[in-house]
Amino acid sequence: MRPIAAGPAAQSAPMRAPAFDAERRVQIVALAVALCAALICAALAAVALPLPGSAPGDGVRTLGWAYVLDPGWDGEAAEQGLRPIALPDDWANTRPHYEGSVWYRVRFDRPPVAERSDIVSLYIERACSNVEVFLNERMIYSGGRMTNPVTAGCRYPHLVTLPAPLLLPSGNVLDLRVHGDPLQHVASREFAAGLSALKVGPQGPLAEEASRRLFWSVTWVQIGAGGIALMGMLMFALAWYNRTEVYFGYFGGLCLTWAVLTSRIWMRDLPWEHAVTDYVYCIGVATLVGLAVQFLLSYAGLRSRAIESALVVQWLLMPLSLMLGGETRLFAVANAWYVVFAAEIVAIGALYLGVTWRQRRHDFWPMAAVLGLAGALMIQEIASQSDFFAVTLPIEAGSPALSAAAPLLFGVVGWRLFTMFARALRTSEAARQTLARRVRELTTEFEGNFSQLAELRVEQVTEKERKRIAADLHDDLGAKLLTIVHTSNDDRISALAREALEDMRLSVKGLIGKPMRLADAVADWRAETVARLGQAKIEVEWENLTQETDHLLPSRGFVQTTRIVREAVSNIVKHSEATKCTVRCRIAEGHFELTIQDNGRGIPLELDGKLDRGLGMSSMKRRAKQMRGQCLVQSGPGYGTVIALTVPL
């Protein structure tokens with residue numbers, strides 16, 4: 001025997017509910033089982049109480065004796081060969097092997113409390129298999145067919161109205177013809193022939209008793225079979241939805257098989273003889289036991305090939321043994337199999353409870369209560385078949401307690417399975433949502449990584465191309481400009497070549513240069529600015545950084561800022577007519593701020609609003625924007641010009 005993942009005992013930890021939730025559900029199930037047991041006990045107690053119609057003085061008379069007539073009596077011959085017999089009459093004791101019809105004769109007087117206007121009735125609690133009633137040699141009632149196939153009415157009570165015109169004040173004769181099968185020819189004792197005690201009296205109390213008997217013997221079984229069948233179809237739907245949990249399918253088959261087997265109780269007129277029904281019933285019981293064993297094993301998370309093979313062999317052996325035993329040994333062979341089946345259920349139930357106690361203790365007590373009650377009812381059923389004792393519902397009618405309690409037992413187990421499925425479904429949905437969320441997160445992360453890789457690849461290609469262009473500029477254009485600087489006889493051409501060479505070197509540095517310390521960059525700008533403005537006879541006041549800083553400036557940022565500073569200095573030299581220039585450098589809120597202010601004539605009014613079209617202003621703003629910074633220009637006649645550059649660090 002090996003564990004399988006299909007059973008709930010093999011479920012993973014996330015499928016288990018929190019401890020407090022499991023404890024609460026155990027309490028609820030225990031309460032439900034206790035309530036079911038209380039209902040069964042209440043029903044047994046209720047049917048055991050005296051009925052209103054049977055209380056002394058209400059006019060109901062119990063006829064506990066009858067005369068048995070010769071089976072060949074035709075109803076007209078003299079009363080010969082009569083012998084008294086006590087009622088109820090169980091044919092298994094009084095005529096063990098007799099099959100056919102038996103006549104019973106009872107005499108009674110009209111109930112003294114009944115007036116002429118009252119309806120007098122005869123109540124027969126049990127006549128198996130069928131009965132006909134004659135009053136004063138006139139047939140007044142028939143329960144169905146009296147020839148094969150005989151109507152099977154063992155579970156049905158009979159309430160017979162006694163016609164007032166046929167009733168005599170005294171000396172009324174009731175003749176009852178009962179047709180039945182011997183105990184040896186049936187698969188269950190409750191279908192063996194017999195006749196219960198008779199009651200004669202007013203119809204009111206007898207009708208109430210008959211309705212009560214009919215409800216518990218037939219109607220309740222029909223209602224339970226319908227509910228169990230619906231539950232079986234629901235379990236098949238759950239098994240189809242969740243095909244890994246095979247125990248849903250086994251329990252669904254168990255429910256439907258039980259519903260079919262119980263149809264024998266309330267289906268009276270079948271088109272074949274009782275022996276055929278008994279054989280089919282026994283095969284159905286074998287199927288029921290096999291499904292029950294498989295359900296308990298799979299529900300415990302176990303599987304055994306040996307047990308599965310043994311169940312198949314058992315299912316084949318049972319009908320074979322019944323055929324070999326023949327109709328005269330049907331009861332003995334069937335009851336031997338019932339004992340085997342009960343032992344199998346007890347053994348598998350004990351195995352299931354042992355596994356559940358170790359692996360899923362919160363499910364132990366509810367199922368232990370259900371299996372314990374089911375085991376007790378099976379033992380009672382086997383004992384009643386063996387005539388040790390008979391606990392019935394009602395007591396005198398042969399209605400086994402197992403068939404009455406089965407709907408409650410099936411209901412408790414089905415409720416457990418459904419709540420477990422609902423809990424697993426909620427857990428699965430939560431896991432699905434968690435998985436979906438995780439997939440979204442991983443997808444976002446993957447897309448981000450892919451974008452980063454793409455950007456990195458672009459940067460690598462761009463960096464490689466920059467280095468190639470820088471190398472070309474340095475090796476080709478730089479060498480030619482340097483040649484012009486050293487070989488030209490024209491000072492102007494030599495100066496222009498030198499400036500071009502410096503610009504080229506600055507561009508090359510921006511292409512392949514490394515980040516530069518901000519303090520070093522400010523020192524370079526100061527040196528170049530002071531030198532250029534000094535040549536133009538313009539006084540320079542430079543306010544340097546007031547604090548030490550370790551900030552680095554990217555090479556591209558250094559190049560762009562250098563060109564902005566150069567453009568601003570060039571504008572001061574060429575256009576401002578200034579005599580003084582003030583430069584301030586500072587770091588504030590993560591930004592580097594550079595302000596260049598002159599005391600020149602400012603930008604003429606005619607150029608107001610056109611700063612972006614000349615004087616290099618547009619290029620300065622464009623370069624600042626490329627560094628994600630800004631370049632502001634303020635100017636006015638006689639006020640001078642202020643250029644404020646802000647660059648994020």
# chains A, B, ... in the order shown; residues from 1 in each chain; ligands from 1

$ residues_around --residues "Leu353 of chain A" --least-positions-apart "5" --cutoff "8 Å" --atoms "only C-alpha atoms" --output "list in words"
Phe364, Met367 and Ala368 of chain A

$ residues_around --residues "Pro271 of chain A" --least-positions-apart "2" --cutoff "8 Å" --atoms "only C-alpha atoms" --output "compact mmCIF listing (two decimals) with all heavy atoms, in the first residue's frame"
# COMPACT_ATOMS: atom_id res chain seq x y z
N PRO A 149 -45.25 -11.95 -11.15
CA PRO A 149 -44.50 -11.40 -10.00
C PRO A 149 -45.43 -10.69 -9.01
O PRO A 149 -46.16 -9.78 -9.37
CB PRO A 149 -43.54 -10.41 -10.65
CG PRO A 149 -44.22 -9.97 -11.90
CD PRO A 149 -45.04 -11.15 -12.38
N ASP A 269 -44.19 -2.84 -7.64
CA ASP A 269 -44.60 -3.65 -8.80
C ASP A 269 -43.48 -3.66 -9.83
O ASP A 269 -43.35 -2.73 -10.65
CB ASP A 269 -45.89 -3.10 -9.42
CG ASP A 269 -47.07 -3.26 -8.49
OD1 ASP A 269 -47.31 -4.39 -8.04
OD2 ASP A 269 -47.74 -2.24 -8.20
N GLU A 273 -39.66 -11.57 -10.99
CA GLU A 273 -39.89 -12.19 -9.70
C GLU A 273 -38.94 -11.63 -8.64
O GLU A 273 -37.91 -11.03 -8.96
CB GLU A 273 -39.74 -13.71 -9.81
CG GLU A 273 -40.78 -14.36 -10.71
CD GLU A 273 -40.67 -15.87 -10.70
OE1 GLU A 273 -39.79 -16.39 -9.98
OE2 GLU A 273 -41.47 -16.52 -11.40

$ atom_distance --atom1 "atom CA of Ser555 of chain A" --atom2 "atom CA of Lys514 of chain A"
5.7 Å

$ closest_residue --among "A:Glu528, A:Glu190, A:Glu539, A:Asp175" --to "Cys128 of chain A" --atoms "only C-alpha atoms"
A:Glu190

$ atom_distance --atom1 "atom CA of His575 of chain A" --atom2 "atom CA of Gly640 of chain A"
10.9 Å

$ residues_around --residues "Arg517 of chain A" --least-positions-apart "5" --cutoff "12 Å" --atoms "only C-alpha atoms" --output "VMD selection string"
chain A and resid 522 to 524 548 to 555 557 to 558 649
